[in-house]
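work_38.cif follows (mmCIF, C-alpha atoms):
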```cif
data_entry
loop_
_atom_site.label_atom_id
_atom_site.label_comp_id
_atom_site.auth_asym_id
_atom_site.auth_seq_id
_atom_site.Cartn_x
_atom_site.Cartn_y
_atom_site.Cartn_z
CA MET A 1 2.21 10.95 13.81
CA PRO A 2 2.27 7.53 12.11
CA HIS A 3 3.06 7.55 8.42
CA VAL A 4 2.59 4.31 6.51
CA GLN A 5 3.86 3.99 2.96
CA ILE A 6 2.68 1.08 0.86
CA THR A 7 4.80 0.45 -2.21
CA TRP A 8 3.41 -2.04 -4.68
CA VAL A 9 2.83 -2.79 -8.33
CA GLU A 10 0.14 -0.53 -9.76
CA GLY A 11 -3.28 -1.92 -10.54
CA ARG A 12 -5.43 -1.53 -7.41
CA SER A 13 -8.66 0.40 -7.66
CA PRO A 14 -9.44 3.52 -5.63
CA GLU A 15 -12.00 1.47 -3.70
CA GLN A 16 -9.36 -1.11 -2.73
CA LYS A 17 -7.07 1.71 -1.56
CA ARG A 18 -9.88 3.30 0.48
CA THR A 19 -10.54 -0.01 2.21
CA ILE A 20 -6.87 -0.66 2.93
CA ALA A 21 -6.29 2.91 4.17
CA GLU A 22 -9.23 2.59 6.57
CA ARG A 23 -8.09 -0.80 7.88
CA VAL A 24 -4.48 0.31 8.39
CA THR A 25 -5.71 3.45 10.14
CA GLN A 26 -7.99 1.43 12.40
CA VAL A 27 -5.16 -0.88 13.47
CA LEU A 28 -2.98 2.10 14.37
CA ILE A 29 -5.83 3.62 16.38
CA GLU A 30 -6.66 0.41 18.24
CA ASP A 31 -3.23 -1.14 18.73
CA GLY A 32 -0.93 1.86 18.38
CA ARG A 33 -3.05 4.35 20.32
CA ALA A 34 -2.76 6.86 17.47
CA LYS A 35 -5.31 9.57 16.85
CA ARG A 36 -7.21 9.16 13.59
CA GLU A 37 -6.30 12.65 12.41
CA ASN A 38 -2.60 11.88 12.86
CA VAL A 39 -2.51 8.71 10.73
CA HIS A 40 -1.20 9.14 7.19
CA VAL A 41 -1.23 6.39 4.56
CA ALA A 42 0.53 6.87 1.22
CA PHE A 43 0.30 4.52 -1.75
CA LEU A 44 3.23 4.42 -4.12
CA ASP A 45 2.09 2.66 -7.30
CA VAL A 46 5.03 1.36 -9.31
CA PRO A 47 4.78 0.10 -12.90
CA ALA A 48 5.41 -3.64 -13.27
CA THR A 49 8.38 -2.77 -15.47
CA SER A 50 9.98 -0.90 -12.55
CA TYR A 51 9.45 -3.44 -9.77
CA ALA A 52 11.42 -6.66 -9.34
CA GLU A 53 10.76 -9.63 -7.13
CA ALA A 54 13.14 -12.56 -6.67
CA GLY A 55 15.46 -11.04 -9.25
CA ARG A 56 12.84 -10.77 -12.00
CA LEU A 57 10.75 -7.84 -13.15
CA VAL A 58 7.13 -8.33 -12.22
CA ALA A 59 6.25 -7.53 -15.84
CA ASP A 60 8.21 -10.63 -16.88
CA GLN A 61 6.35 -12.84 -14.41
CA LYS A 62 3.08 -12.53 -16.32
CA ARG A 63 0.86 -12.07 -13.29
CA SER A 64 -1.42 -9.37 -11.94
CA PRO A 65 -1.01 -7.47 -8.70
#
```

Spell out the structure here as structure tokens.
Amino acid sequence: MPHVQITWVEGRSPEQKRTIAERVTQVLIEDGRAKRENVHVAFLDVPATSYAEAGRLVADQKRSP
């Protein structure tokens, strides 16, 4: 049972998440021979004040996700 967790800075719409979940699932079906019903995708949305990149909080980088 494949489980994919995507951790990123919050800010994506439900529609973006639907699209990404479907595409990730499709890759696992086609290339990983997984059954659709066994693929799980979890999104962990982290506030920009709680996520750092290259030693700096994303909130301090003044950019959007």

### Message
List as JSON, numbers by chain the protein and nucleic acid residues near Ile6 of chain A, meaning an atom at most 8 Å away when all atoms listed in the file are counted, but skip any in the same chain fewer than 6 places from it.
### Response
{"A": [41, 42, 43, 44]}

Could those selected residues go to a file with C-alpha atoms, as a PDB file, keeping the file's coordinate frame?
```
ATOM      1  CA  VAL A  41      -1.230   6.390   4.560  1.00  0.00           C
ATOM      2  CA  ALA A  42       0.530   6.870   1.220  1.00  0.00           C
ATOM      3  CA  PHE A  43       0.300   4.520  -1.750  1.00  0.00           C
ATOM      4  CA  LEU A  44       3.230   4.420  -4.120  1.00  0.00           C
TER       5      LEU A  44
END
```

### Task
On this file, the PyMOL selection byres ((chain A and resi 26) around 12) gives some set of residues; write that set as a count of residues only.
23

### Task
Could you state which residues are captured by the PyMOL selection byres ((chain A and resi 49-61) around 10) in this file, as number ranges by chain?
A: 7-10, 45-48, 62-65

Around segment 13-21 of chain A, fit a box with edges along x, y and z, padding it by 8 Å on each side, then list its centre and edge lengths in Å to one decimal as AutoDock Vina command-line options.
```
--center_x -9.1 --center_y 1.2 --center_z -1.7 --size_x 21.7 --size_y 20.6 --size_z 27.8
```
